[in-house]
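Colleague: What follows is query-v7.cif, mmCIF, C-alpha atoms and all ligand atoms.
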data_query
#
loop_
_atom_site.label_atom_id
_atom_site.label_comp_id
_atom_site.auth_asym_id
_atom_site.auth_seq_id
_atom_site.Cartn_x
_atom_site.Cartn_y
_atom_site.Cartn_z
CA MET A 1 29.76 -1.43 59.11
CA ALA A 2 28.69 -3.03 62.37
CA ASP A 3 25.23 -4.52 62.69
CA GLU A 4 24.15 -1.65 64.89
CA SER A 5 24.61 2.08 64.68
CA ARG A 6 23.73 4.79 67.14
CA ILE A 7 23.22 8.35 66.07
CA ASN A 8 22.75 11.21 68.49
CA ILE A 9 20.03 13.55 67.35
CA SER A 10 20.50 17.15 68.40
CA ASN A 11 20.51 19.01 65.08
CA ALA A 12 19.10 18.72 61.57
CA ALA A 13 22.33 17.39 60.04
CA GLU A 14 22.16 14.41 62.37
CA ILE A 15 18.73 13.53 60.99
CA VAL A 16 20.36 13.21 57.59
CA THR A 17 23.12 11.08 59.12
CA ALA A 18 20.55 8.80 60.73
CA ARG A 19 18.68 8.15 57.52
CA ARG A 20 21.92 7.59 55.60
CA GLN A 21 23.01 5.02 58.16
CA GLY A 22 19.60 3.42 57.90
CA ARG A 23 19.96 3.20 54.15
CA VAL A 24 23.43 1.67 54.42
CA LEU A 25 22.28 -1.07 56.79
CA ALA A 26 19.09 -1.68 54.80
CA VAL A 27 21.15 -2.18 51.62
CA GLN A 28 23.33 -4.71 53.47
CA LEU A 29 20.21 -6.53 54.57
CA GLY A 30 18.99 -6.77 50.99
CA PHE A 31 16.17 -4.23 50.86
CA ASP A 32 15.51 -2.84 47.41
CA GLY A 33 15.02 0.64 45.91
CA SER A 34 11.60 1.79 47.02
CA GLU A 35 11.86 0.02 50.39
CA LEU A 36 15.06 1.94 51.07
CA THR A 37 13.22 5.19 50.57
CA VAL A 38 10.39 3.97 52.82
CA ILE A 39 12.88 3.15 55.60
CA ALA A 40 14.84 6.39 55.19
CA THR A 41 11.63 8.44 55.32
CA ALA A 42 10.40 6.65 58.45
CA ILE A 43 13.74 7.32 60.18
CA SER A 44 13.59 10.94 59.06
CA GLU A 45 10.10 11.47 60.52
CA ILE A 46 10.90 9.91 63.86
CA ALA A 47 14.26 11.65 64.22
CA ARG A 48 12.61 14.93 63.30
CA ASN A 49 10.10 14.38 66.11
CA ILE A 50 12.99 14.03 68.57
CA LEU A 51 14.46 17.32 67.40
CA GLU A 52 11.15 19.19 67.23
CA HIS A 53 9.40 17.90 70.30
CA ALA A 54 12.15 16.71 72.65
CA LYS A 55 15.22 18.73 71.54
CA ASP A 56 17.60 15.76 71.63
CA GLY A 57 17.80 12.01 71.82
CA GLU A 58 19.18 9.10 69.86
CA VAL A 59 18.35 6.74 67.04
CA ILE A 60 19.60 3.15 67.12
CA ILE A 61 19.45 1.16 63.91
CA SER A 62 20.10 -2.57 63.93
CA ARG A 63 19.45 -5.83 62.22
CA CYS A 64 16.69 -7.99 63.63
CA ASN A 65 15.53 -11.55 63.13
CA HIS A 66 12.35 -13.36 63.90
CA ARG A 67 12.09 -17.04 63.03
CA ARG A 68 13.25 -17.02 59.43
CA LYS A 69 12.52 -13.37 58.83
CA CYS A 70 15.24 -10.78 58.69
CA GLY A 71 14.71 -7.06 58.88
CA ILE A 72 15.75 -3.67 60.14
CA CYS A 73 14.91 -2.36 63.57
CA VAL A 74 14.90 1.34 64.42
CA VAL A 75 14.65 2.61 67.98
CA ALA A 76 14.29 6.34 68.60
CA ARG A 77 14.38 7.53 72.18
CA ASP A 78 14.52 10.77 74.02
CA SER A 79 14.15 12.15 77.53
CA GLY A 80 11.86 14.94 76.44
CA PRO A 81 8.43 15.99 77.71
CA GLY A 82 6.68 12.76 76.67
CA ILE A 83 3.22 12.43 75.16
CA ALA A 84 0.16 12.59 77.41
CA ASP A 85 -2.35 11.04 75.01
CA ILE A 86 -0.75 8.64 72.55
CA ASP A 87 -4.03 7.80 70.78
CA GLN A 88 -4.49 11.46 70.02
CA ALA A 89 -0.86 11.88 68.89
CA MET A 90 -1.30 8.91 66.53
CA GLN A 91 -4.25 10.56 64.81
CA TYR A 92 -3.68 11.72 61.28
CA GLY A 93 -3.50 15.53 61.31
CA TYR A 94 -2.96 15.98 65.04
CA SER A 95 -0.06 18.26 65.87
CA THR A 96 0.82 20.43 68.84
CA HIS A 97 3.43 22.38 66.87
CA LYS A 98 1.64 23.49 63.70
CA GLY A 99 3.01 20.49 61.87
CA LEU A 100 0.98 18.44 59.44
CA GLY A 101 0.47 15.77 62.08
CA ILE A 102 1.58 13.12 59.62
CA GLY A 103 4.84 11.97 61.22
CA LEU A 104 3.60 9.34 63.69
CA PRO A 105 0.60 7.87 61.83
CA GLY A 106 2.48 8.04 58.53
CA THR A 107 5.50 6.22 59.90
CA LYS A 108 3.30 3.51 61.37
CA LEU A 109 1.83 3.06 57.92
CA LEU A 110 5.25 2.80 56.27
CA MET A 111 6.70 0.22 58.64
CA ASP A 112 5.60 -3.36 59.40
CA GLU A 113 5.77 -2.93 63.15
CA PHE A 114 5.46 0.23 65.19
CA HIS A 115 5.37 0.66 68.97
CA ILE A 116 5.44 3.85 70.94
CA VAL A 117 5.93 4.13 74.69
CA SER A 118 5.86 7.50 76.36
CA VAL A 119 5.84 8.77 79.93
CA VAL A 120 5.07 12.40 80.58
CA GLY A 121 8.11 14.10 82.04
CA GLN A 122 10.37 11.16 81.23
CA GLY A 123 10.47 10.75 77.49
CA THR A 124 9.39 8.80 74.46
CA THR A 125 10.62 5.63 72.78
CA VAL A 126 9.52 4.56 69.32
CA THR A 127 10.45 1.06 68.14
CA MET A 128 9.75 0.11 64.56
CA LYS A 129 10.63 -2.72 62.21
CA LYS A 130 10.53 -3.48 58.56
CA TRP A 131 10.84 -7.08 57.40
CA ARG A 132 12.42 -8.12 54.17
CA HIS A 133 9.83 -9.75 51.98
CA MET B 1 24.44 24.71 52.48
CA GLN B 2 23.24 27.35 50.09
CA VAL B 3 20.98 26.51 47.15
CA PRO B 4 22.24 27.87 43.82
CA ILE B 5 19.66 29.96 41.99
CA LEU B 6 19.79 30.59 38.25
CA LYS B 7 17.90 33.25 36.35
CA GLN B 8 16.44 32.22 33.01
CA GLY B 9 14.29 34.86 31.37
CA ASN B 10 11.23 35.46 33.50
CA TYR B 11 11.94 32.42 35.60
CA LEU B 12 14.22 31.41 38.42
CA ILE B 13 15.64 27.92 38.80
CA ALA B 14 16.77 26.69 42.22
CA SER B 15 18.59 23.37 42.44
CA VAL B 16 18.42 21.76 45.83
CA GLN B 17 21.69 19.86 46.25
CA SER B 18 21.21 18.01 49.50
CA ALA B 19 18.82 17.61 52.39
CA LEU B 20 17.76 21.03 53.57
CA SER B 21 18.01 22.15 57.15
CA ASP B 22 15.64 24.72 58.58
CA ASP B 23 18.24 27.42 58.04
CA ASP B 24 18.86 26.39 54.42
CA LEU B 25 15.16 26.56 53.75
CA ARG B 26 14.79 29.95 55.34
CA LEU B 27 17.68 31.17 53.25
CA LEU B 28 16.22 29.70 50.07
CA ARG B 29 12.83 31.26 50.77
CA ASP B 30 14.29 34.71 51.45
CA ASP B 31 16.64 34.46 48.48
CA LEU B 32 13.88 33.48 46.08
CA SER B 33 11.48 36.05 47.44
CA ASP B 34 14.09 38.76 47.08
CA ARG B 35 14.98 37.79 43.51
CA VAL B 36 11.37 37.38 42.41
CA GLY B 37 10.93 41.00 43.45
CA ARG B 38 14.14 42.20 41.87
CA PHE B 39 13.74 40.42 38.53
CA ARG B 40 9.93 40.48 38.40
CA SER B 41 10.02 36.73 37.88
CA THR B 42 6.69 35.08 37.18
CA GLY B 43 7.78 31.51 37.74
CA VAL B 44 10.13 29.60 40.01
CA ILE B 45 11.37 26.08 39.39
CA ILE B 46 12.67 24.13 42.37
CA ASP B 47 14.67 21.09 41.36
CA VAL B 48 14.59 18.39 44.04
CA THR B 49 16.18 15.57 42.04
CA ALA B 50 18.94 15.38 44.66
CA LEU B 51 16.53 14.75 47.53
CA ASP B 52 16.38 11.08 48.54
CA VAL B 53 13.66 11.76 51.09
CA ILE B 54 10.76 14.20 51.10
CA ASP B 55 9.15 13.85 54.50
CA SER B 56 6.44 15.88 56.21
CA PHE B 57 8.91 18.55 57.23
CA ALA B 58 10.32 18.99 53.71
CA THR B 59 6.81 19.05 52.27
CA ARG B 60 5.64 21.63 54.76
CA THR B 61 8.59 23.89 54.03
CA LEU B 62 8.43 23.54 50.22
CA GLN B 63 4.76 24.34 50.49
CA SER B 64 5.40 27.46 52.53
CA VAL B 65 8.09 28.62 50.10
CA ALA B 66 5.62 28.19 47.21
CA GLN B 67 2.85 29.99 49.06
CA MET B 68 5.08 32.88 49.88
CA LEU B 69 6.30 33.15 46.28
CA LYS B 70 2.69 33.11 45.12
CA LEU B 71 2.06 36.19 47.24
CA ARG B 72 5.10 37.75 45.57
CA GLY B 73 3.54 37.05 42.18
CA ALA B 74 5.40 33.93 41.08
CA TYR B 75 4.15 30.41 40.49
CA THR B 76 6.27 27.49 41.71
CA VAL B 77 6.91 24.23 39.90
CA ILE B 78 8.68 21.37 41.67
CA VAL B 79 10.84 19.29 39.39
CA GLY B 80 12.40 15.86 39.75
CA ILE B 81 10.52 14.15 42.56
CA ARG B 82 11.92 10.62 42.22
CA PRO B 83 9.45 7.78 41.62
CA ASP B 84 10.14 6.08 44.94
CA VAL B 85 9.97 9.41 46.78
CA ALA B 86 6.61 10.13 45.11
CA PHE B 87 5.45 6.65 46.09
CA VAL B 88 6.21 7.31 49.76
CA MET B 89 4.64 10.78 49.61
CA VAL B 90 1.41 9.28 48.29
CA GLN B 91 1.47 6.63 51.01
CA LEU B 92 1.92 9.30 53.66
CA GLY B 93 -0.78 11.47 52.12
CA LEU B 94 1.70 14.30 51.59
CA THR B 95 0.62 16.78 48.96
CA LEU B 96 1.64 20.13 47.60
CA ALA B 97 -1.31 22.40 46.90
CA ASP B 98 -0.99 25.34 44.50
CA VAL B 99 2.32 23.95 43.28
CA GLY B 100 3.00 22.51 39.85
CA ALA B 101 5.02 19.39 39.24
CA ALA B 102 7.10 18.33 36.27
CA LEU B 103 9.40 15.45 35.48
CA ASP B 104 12.26 17.53 34.17
CA LEU B 105 13.40 21.08 33.61
CA GLU B 106 12.14 21.21 30.05
CA GLU B 107 8.66 20.16 31.06
CA ALA B 108 8.70 22.63 33.93
CA LEU B 109 9.52 25.47 31.53
CA GLU B 110 6.71 24.36 29.22
CA HIS B 111 4.40 24.25 32.19
CA LEU B 112 5.29 27.82 33.14
CA ASN B 113 5.00 29.04 29.56
CA ARG B 114 1.58 27.49 29.24
CA ARG B 115 0.52 29.07 32.51
CA SER B 116 1.62 32.52 31.45
CA HIS B 117 -0.86 32.22 28.58
CA LYS B 118 -3.64 30.80 30.72
CA PRO B 119 -3.02 32.38 34.10
CA ASN B 120 -5.97 30.79 35.89
CA GLU B 121 -5.30 27.23 35.01
CA TYR B 122 -3.93 25.12 37.82
CA ARG B 123 -2.73 21.67 36.99
CA THR B 124 -3.49 20.40 40.42
CA MET B 125 -5.69 17.35 40.21
CA ARG B 126 -7.89 16.08 42.97
CA THR B 127 -8.01 12.49 44.04
CA GLY B 128 -9.45 10.80 47.05
CA ASP B 129 -7.65 9.85 50.22
CA PRO B 130 -4.98 7.42 49.01
CA ARG B 131 -5.27 5.32 52.15
CA GLY B 132 -9.01 4.91 52.19
CA SER B 133 -11.58 6.91 54.13
CA ALA B 134 -11.55 4.66 57.18
CA ARG B 135 -8.31 6.18 58.40
CA GLY B 136 -7.73 9.41 60.27
CA GLY B 137 -11.27 10.58 60.91
CA GLY B 138 -11.88 14.10 59.71
CA ALA B 139 -8.85 14.38 57.46
CA PRO B 140 -9.99 16.17 54.31
CA SER B 141 -9.42 14.59 50.95
CA ARG B 142 -6.13 15.84 49.70
CA PRO B 143 -5.21 17.10 46.29
CA THR B 144 -2.38 15.25 44.63
CA LEU B 145 0.13 16.56 42.17
CA SER B 146 -0.73 15.54 38.66
CA GLY B 147 2.97 15.05 37.97
CA VAL B 148 3.27 12.65 40.87
CA ASN B 149 0.31 10.63 39.71
CA ARG B 150 1.41 10.47 36.16
CA ARG B 151 4.83 9.31 37.16
CA GLN B 152 3.30 6.62 39.33
CA ASP B 153 1.25 5.44 36.39
CA GLN B 154 4.24 5.22 34.12
CA ASP B 155 7.07 4.10 36.31
CA GLU B 156 5.87 2.45 39.44
CA LYS B 157 5.68 -1.28 39.24
CA PRO B 158 3.91 -2.69 42.25
CA ARG B 159 6.43 -4.59 44.35
CA SER B 160 5.73 -7.48 46.59
CA GLY B 161 4.77 -6.37 50.03
CA HIS B 162 3.46 -3.02 48.86
CA ALA B 163 0.16 -2.06 47.47
CA SER B 164 0.65 0.32 44.60
CA PRO B 165 -0.78 3.81 45.09
CA ARG B 166 -3.30 2.95 42.41
CA SER B 167 -4.68 -0.05 44.15
CA LEU B 168 -4.74 1.89 47.40
CA GLU B 169 -6.71 4.57 45.67
CA HIS B 170 -9.25 2.30 44.11
CA GLY B 171 -9.33 -0.51 46.60
CA ARG B 172 -12.06 0.80 48.84
N1 LIG C 1 9.43 12.46 70.65
C1 LIG C 1 8.33 13.16 71.03
N2 LIG C 1 8.31 13.80 72.24
C2 LIG C 1 7.22 14.50 72.64
N3 LIG C 1 6.11 14.67 71.88
C3 LIG C 1 6.08 14.08 70.67
C4 LIG C 1 7.18 13.30 70.18
N4 LIG C 1 6.85 12.83 68.95
C5 LIG C 1 5.61 13.29 68.69
N5 LIG C 1 5.14 14.04 69.71
C6 LIG C 1 3.81 14.67 69.82
O1 LIG C 1 2.91 14.01 68.94
C7 LIG C 1 2.36 14.93 68.01
C8 LIG C 1 2.15 14.26 66.68
O2 LIG C 1 3.41 13.90 66.08
P1 LIG C 1 3.52 13.82 64.49
O3 LIG C 1 4.92 13.47 64.15
O4 LIG C 1 2.45 12.92 64.00
O5 LIG C 1 3.15 15.29 64.00
P2 LIG C 1 4.05 16.61 64.03
O6 LIG C 1 5.46 16.26 64.37
O7 LIG C 1 3.41 17.60 64.95
O8 LIG C 1 3.95 17.15 62.54
P3 LIG C 1 4.67 16.48 61.25
O9 LIG C 1 5.35 15.22 61.69
O10 LIG C 1 3.56 16.18 60.28
O11 LIG C 1 5.62 17.49 60.73
C9 LIG C 1 3.33 16.09 67.97
O12 LIG C 1 2.72 17.31 67.58
C10 LIG C 1 3.82 16.12 69.42
O13 LIG C 1 2.91 16.81 70.25
MG MG C 2 6.51 14.80 63.32
#
Let me see whether you can do it: turn the structure in this file into structure tokens.
Modeller:
Amino acid sequence: MADESRINISNAAEIVTARRQGRVLAVQLGFDGSELTVIATAISEIARNILEHAKDGEVIISRCNHRRKCGICVVARDSGPGIADIDQAMQYGYSTHKGLGIGLPGTKLLMDEFHIVSVVGQGTTVTMKKWRH
Amino acid sequence: MQVPILKQGNYLIASVQSALSDDDLRLLRDDLSDRVGRFRSTGVIIDVTALDVIDSFATRTLQSVAQMLKLRGAYTVIVGIRPDVAFVMVQLGLTLADVGAALDLEEALEHLNRRSHKPNEYRTMRTGDPRGSARGGGAPSRPTLSGVNRRQDQDEKPRSGHASPRSLEHGR
């Protein structure tokens, strides 16, 4: 497998594909059992947000390095409605769609790095990383 | 993909084979609800051993299936949540209220048998917020499955880079 994979997200089956691909790359990078589940769950949450809140978009999974560290980088982007108040969206329990409101804050908790950029009317990009320890 | 459902005495056993889409879940819910009515089942076991991820969406839908079955007169036990999946669920603060948990089918059947003798006993155990009270202002403390906790206690060895759910729970 190449060091980067792109998965279009426009239906639920593609969410499963995205987290499988994430698992495959994470195994190659040397992540172990419970970390693989952490990474797969984070990808699942963020891809699900694309499907639920923006209809479609893409997930890009790649290897990343920083100094001597090596890890996995996941970018999820869409051209959906965007998020007006990111602080509010990041709050545990906040949801505009009768969800649990756990996706964004939970994913931030699971990963080592988490950035979200969103412009109303233009879309949302989440970038997250997990380093191998 | 359809979820096979087996009838065993007063109980139904559904084995989830792969990640469930919204449609699969709707089908499962309607199927179970229909059969609970037809067979007068008092308990439903949902086997999720095959699930490598239980995220907020899966939790929400399993929860709604269980709540609906409760209204139809059947109690739901989830079986086979893997240790690492349970670990992530605890980290996320995902819980299943009014749902039993068991490690395997045998224990789930015991659980249901015990319940049918003591109908008011719920095995749901309450713990505090696993991530400490500083986070997520206003989030209520969430009940945690006793099965999940027990499994954590037995199987989960803290790994480098992760706090174990236990230390998260007690490290306030
Ligand atoms: N890609 C996105 N595009 C537009 N809005 C989004 C996007 N992702 C999240 N949001 C907004 O942020 C809110 C919080 O997201 P979060 O994932 O935390 O909760 P949820 O998706 O509503 O529920 P859960 O993830 O627990 O099932 C959402 O309700 C939605 O309003
Ligand atoms: Mg979400």
Colleague: Any residue with an atom at most 6 Å from ligand MG 2 (chain C) counts, using only C-alpha atoms and all ligand atoms. Which are they? Put them as a VMD selection string.
Modeller: chain A and resid 45 49 103
Colleague: For chain A, which residues have at least one atom within 12 Å of chain B, if we go by only C-alpha atoms? Write them as a VMD selection string, please.
Modeller: chain A and resid 11 to 17 19 to 20 23 31 to 49 51 to 52 87 to 95 97 to 112 130 to 133
Colleague: Would you pick out the contacts of range 54-64 of chain A at 6 Å or less, using all atoms listed in the file, so that residues sharing its chain but fewer than 6 positions from it are not included, and give the list as a VMD selection string?
Modeller: chain A and resid 3 to 10 70 to 78 80
Colleague: What is the distance between CA of Asn10 in chain B and CA of Arg115 in chain B, in Å to one decimal?
Modeller: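 Answer for the CA of Asn10 in chain B to CA of Arg115 in chain B separation: 12.5 Å.
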Colleague: Find the residues around range 11-15 of chain B up to 8 Å (all atoms listed in the file counted), leave out those fewer than 2 positions away in its own chain, and share them as number ranges by chain.
Modeller: B: 3-9, 17, 32, 36, 41-48
Colleague: When you count all atoms listed in the file, which of these residues is closest to ligand LIG 1 (chain C): B:Leu69, B:Ala58, B:Val16, B:Leu51?
Modeller: B:Ala58
Colleague: Hey, can you pull every residue with an atom no more than 6 Å from (0.3, 26.3, 39.4), using all atoms listed in the file, and send it as a PDB file with C-alpha atoms, keeping the file's coordinate frame?
Modeller:
ATOM      1  CA  TYR B  75       4.150  30.410  40.490  1.00  0.00           C
ATOM      2  CA  ASP B  98      -0.990  25.340  44.500  1.00  0.00           C
ATOM      3  CA  VAL B  99       2.320  23.950  43.280  1.00  0.00           C
ATOM      4  CA  GLY B 100       3.000  22.510  39.850  1.00  0.00           C
ATOM      5  CA  TYR B 122      -3.930  25.120  37.820  1.00  0.00           C
TER       6      TYR B 122
END
Colleague: In Å to one decimal, how far is atom O5 of ligand LIG 1 (chain C) from CA of Arg29 in chain B?
Modeller: 22.9 Å
Colleague: Considering all atoms listed in the file, can you say which of A:Asn65, A:Ser118, A:Gln28, A:Gln21 comes closest to ligand LIG 1 (chain C)?
Modeller: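 Under the stated criterion, the closest residue is A:Ser118.
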Colleague: Taking all atoms listed in the file into account, which of B:Thr95, B:Asp34, B:Thr76, B:Gln67 comes nearest ligand LIG 1 (chain C)?
Modeller: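 Closest candidate: B:Thr95.
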Colleague: Work out how far apart atom N2 of ligand LIG 1 (chain C) and CA of Thr61 in chain B are and give it in Å to one decimal.
Modeller: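 Atom-to-atom, atom N2 of ligand LIG 1 (chain C) and CA of Thr61 in chain B are spaced 20.8 Å apart.
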